[in-house]
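Okay, structure first, notes after.
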Amino acid sequence: MIKRIAAVWRRRTVLGTLVERDLRVRYSNSVLGYVWTVLDPLLMATVYFLVFTFIFKAGRVADKPYFLYLLSGLLAWQWFTASVNDTTKSLIQEARLVRSTNLPREIWVIRCVVGKGVEFVLSLPVLVGFVLYYLARGRAELDWELVFFPLGMLLQFVLLVGLGLLLAPVTVLATDVDRVVRIVLRFLFYLTPVLYGTHAVPGALRTVLVLNPLNGILSLYRGGLFARQVSWVDVGISVAISVTLCVAGLVAFARLERSVLKEI
């Protein structure tokens, strides 16, 4: 496993080139280009804000300002769901290159996570803009826990790489996995504290939410924006699950690689 990780690291320049290629292709025929990266979560945050604030009048479903809470969660969720969808199909879509090049095959999965991570970083100025707006209005204040934001990004990267390495080869061998993943993501969205805070969840269900690795990751993202957001118990669980999935992904990918090459 160490040798495979080292092989990917030695080809990091190629990985960067593949990510750049993907981003250029994605935006080459788009009029708005990069704007689409932030437009989707921004519009969704607006819709959920209107629904929960003015229609359901849900009260304290999350910390205030609620729109900032929504946006910080939806940007992270967009990176998560886009990466899972892309990594699931990564080997099938690049089958010819996967067969014909001598690159470590893990690169074709990791490039999807890195590419969506770049889009996540490019969307952060929008979040910063809203933070400054609420700061100016006296409706928000920054906390020193903001320093843990990069740790959330690193942890989410590890989680996504692990999931991608597990799902990509399995999808080649059983194409129905792609459809199952899309269905699971729909359920997982409502089991992730994107729209609500864990304090608003009944005790029994809260235990289930704690086992969601995104729970601790989101607390790291929101730690500097809302008081007492970082729960180190949740973060510890997220670290354990993410690292376990990453190791399991590396092992499973190595064992299934030959079968995958035969299939594609």
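Simple scheme: letters A, B, ... for chains in structure tokens order, numbers from 1 for residues in each chain, numbers from 1 for ligands in the order shown.
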- Would you list the contacts of range 101-112 of chain A as a PyMOL selection string, taking every protein, DNA or RNA residue within 7 Å and counting only C-alpha atoms, but skipping same-chain residues closer than 5 positions in sequence? chain A and resi 7-8+15+18-19+83+86-87+90-91+161+164-165
Restrict the selected residues to N, CA and C atoms and save them as an mmCIF file, in the first residue's frame.
data_model
loop_
_atom_site.group_PDB
_atom_site.id
_atom_site.type_symbol
_atom_site.label_atom_id
_atom_site.label_comp_id
_atom_site.auth_asym_id
_atom_site.auth_seq_id
_atom_site.Cartn_x
_atom_site.Cartn_y
_atom_site.Cartn_z
ATOM 1 N N ALA A 7 3.910 5.793 -5.484
ATOM 2 C CA ALA A 7 3.823 5.868 -6.940
ATOM 3 C C ALA A 7 2.908 7.012 -7.385
ATOM 4 N N VAL A 8 1.796 7.186 -6.681
ATOM 5 C CA VAL A 8 0.890 8.301 -6.994
ATOM 6 C C VAL A 8 1.586 9.624 -6.719
ATOM 7 N N LEU A 15 -0.887 14.218 -12.273
ATOM 8 C CA LEU A 15 -2.185 14.408 -11.627
ATOM 9 C C LEU A 15 -2.656 15.848 -11.780
ATOM 10 N N LEU A 18 -3.860 16.427 -15.326
ATOM 11 C CA LEU A 18 -5.182 15.830 -15.564
ATOM 12 C C LEU A 18 -6.294 16.675 -14.950
ATOM 13 N N VAL A 19 -6.046 17.196 -13.762
ATOM 14 C CA VAL A 19 -7.039 18.061 -13.108
ATOM 15 C C VAL A 19 -7.258 19.323 -13.928
ATOM 16 N N SER A 83 -17.932 14.750 -6.123
ATOM 17 C CA SER A 83 -16.777 13.852 -6.130
ATOM 18 C C SER A 83 -17.208 12.392 -6.128
ATOM 19 N N ASP A 86 -18.547 11.504 -9.590
ATOM 20 C CA ASP A 86 -17.491 11.455 -10.612
ATOM 21 C C ASP A 86 -16.535 10.293 -10.394
ATOM 22 N N THR A 87 -16.145 10.050 -9.147
ATOM 23 C CA THR A 87 -15.204 8.947 -8.897
ATOM 24 C C THR A 87 -15.850 7.598 -9.176
ATOM 25 N N SER A 90 -15.284 7.110 -12.764
ATOM 26 C CA SER A 90 -13.987 7.575 -13.257
ATOM 27 C C SER A 90 -13.253 6.554 -14.117
ATOM 28 N N LEU A 91 -13.272 5.291 -13.749
ATOM 29 C CA LEU A 91 -12.553 4.268 -14.519
ATOM 30 C C LEU A 91 -13.296 3.919 -15.810
ATOM 31 N N VAL A 161 -11.411 10.307 -1.174
ATOM 32 C CA VAL A 161 -10.484 9.394 -1.848
ATOM 33 C C VAL A 161 -10.810 7.955 -1.469
ATOM 34 N N GLY A 164 -14.034 6.930 -3.173
ATOM 35 C CA GLY A 164 -13.818 6.798 -4.614
ATOM 36 C C GLY A 164 -13.079 5.525 -4.978
ATOM 37 N N LEU A 165 -12.044 5.191 -4.200
ATOM 38 C CA LEU A 165 -11.274 3.978 -4.476
ATOM 39 C C LEU A 165 -12.088 2.712 -4.221
#
Contact residues around Val84 in chain A with only C-alpha atoms at 8 Å, ignoring same-chain residues under 3 positions, as a compact mmCIF listing (two decimals) with N, CA and C atoms, in the first residue's frame:
# COMPACT_ATOMS: atom_id res chain seq x y z
N PHE A 80 -18.70 17.06 -1.89
CA PHE A 80 -18.87 15.64 -1.54
C PHE A 80 -19.64 14.90 -2.63
N THR A 81 -20.84 15.36 -2.96
CA THR A 81 -21.69 14.62 -3.89
C THR A 81 -21.12 14.62 -5.30
N THR A 87 -16.14 10.05 -9.15
CA THR A 87 -15.20 8.95 -8.90
C THR A 87 -15.85 7.60 -9.18
N THR A 88 -17.15 7.49 -8.94
CA THR A 88 -17.85 6.23 -9.21
C THR A 88 -17.70 5.82 -10.67
N LEU A 160 -13.19 11.31 0.75
CA LEU A 160 -13.62 11.17 -0.64
C LEU A 160 -12.70 10.25 -1.44
N LEU A 163 -13.72 6.69 -0.40
CA LEU A 163 -14.97 6.29 -1.03
C LEU A 163 -14.80 6.06 -2.53
N GLY A 164 -14.03 6.93 -3.17
CA GLY A 164 -13.82 6.80 -4.61
C GLY A 164 -13.08 5.53 -4.98
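Summary of the local environment: counting only C-alpha atoms, residues at most 12 Å from Arg179 in chain A, other than itself and those fewer than 3 positions away along its chain, are Val84, Asn85, Thr88, Lys89, Leu167, Thr171, Ala174, Thr175, Asp176, Arg182, Ile183, Val184, Leu185 and Arg186 of chain A.
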Under the rule of at most 7 Å, produce a per-residue listing of range 162-226 of chain A near range 148-153 of chain A: chain, number, name, the closest pair of atoms, and the distance in Å, as a Markdown table, using only C-alpha atoms.
| residue | atom | partner | partner_atom | distance |
| --- | --- | --- | --- | --- |
| A:Ile217 | CA | A:Gly152 | CA | 5.1 |
| A:Leu220 | CA | A:Gly152 | CA | 5.3 |
| A:Tyr221 | CA | A:Phe149 | CA | 4.8 |
For the residues in that selection, give me N, CA and C atoms as a JSON list (two decimals), in the first residue's frame.
[["chain", "number", "residue", "atom", "x", "y", "z"],
["A", 217, "ILE", "N", -16.78, 16.84, 9.97],
["A", 217, "ILE", "CA", -16.15, 17.70, 8.97],
["A", 217, "ILE", "C", -16.86, 19.05, 8.90],
["A", 220, "LEU", "N", -15.97, 21.35, 11.69],
["A", 220, "LEU", "CA", -14.68, 22.03, 11.48],
["A", 220, "LEU", "C", -14.82, 23.23, 10.56],
["A", 221, "TYR", "N", -15.65, 23.09, 9.53],
["A", 221, "TYR", "CA", -15.87, 24.21, 8.62],
["A", 221, "TYR", "C", -16.58, 25.36, 9.32]]
- helix (DSSP H, G or I) residues, from DSSP on the backbone, in range 11-246 of chain A, as a VMD selection string: chain A and resid 12 to 28 35 to 55 66 to 88 90 to 93 95 to 100 106 to 136 144 to 173 177 to 190 198 to 200 203 to 210 213 to 222 232 to 246
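In this model, the gap between CA of Ile2 in chain A and CA of Ala254 in chain A comes to 11.6 Å.
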- Query: Which residues come within 10 Å of range 129-131 of chain A, counting only C-alpha atoms, excluding same-chain residues fewer than 2 positions away, as a ChimeraX atom specification?
  - Reply: /A:65,67-68,71,124-127,133-137,139-142,225
- Message: Calculated over only C-alpha atoms, which of the candidates A:Tyr190, A:Phe157, A:Phe120, A:Trp36 has the smallest distance to Ser242 in chain A?
- Response: A:Phe157
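You will find CA of Asp143 in chain A at 26.6 Å from CA of Leu191 in chain A.
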- Message: I'd like the contact shell of Pro41 in chain A - 9 Å cut-off, only C-alpha atoms, skipping same-chain residues fewer than 2 positions apart - returned as a PyMOL selection string.
- Response: chain A and resi 37-39+43-46+70-71+74-75+77-78
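Checking A:Arg99, A:Arg60, A:Lys3, A:His199 one by one against Glu257 in chain A, counting only C-alpha atoms, you find the shortest gap at A:Arg99.
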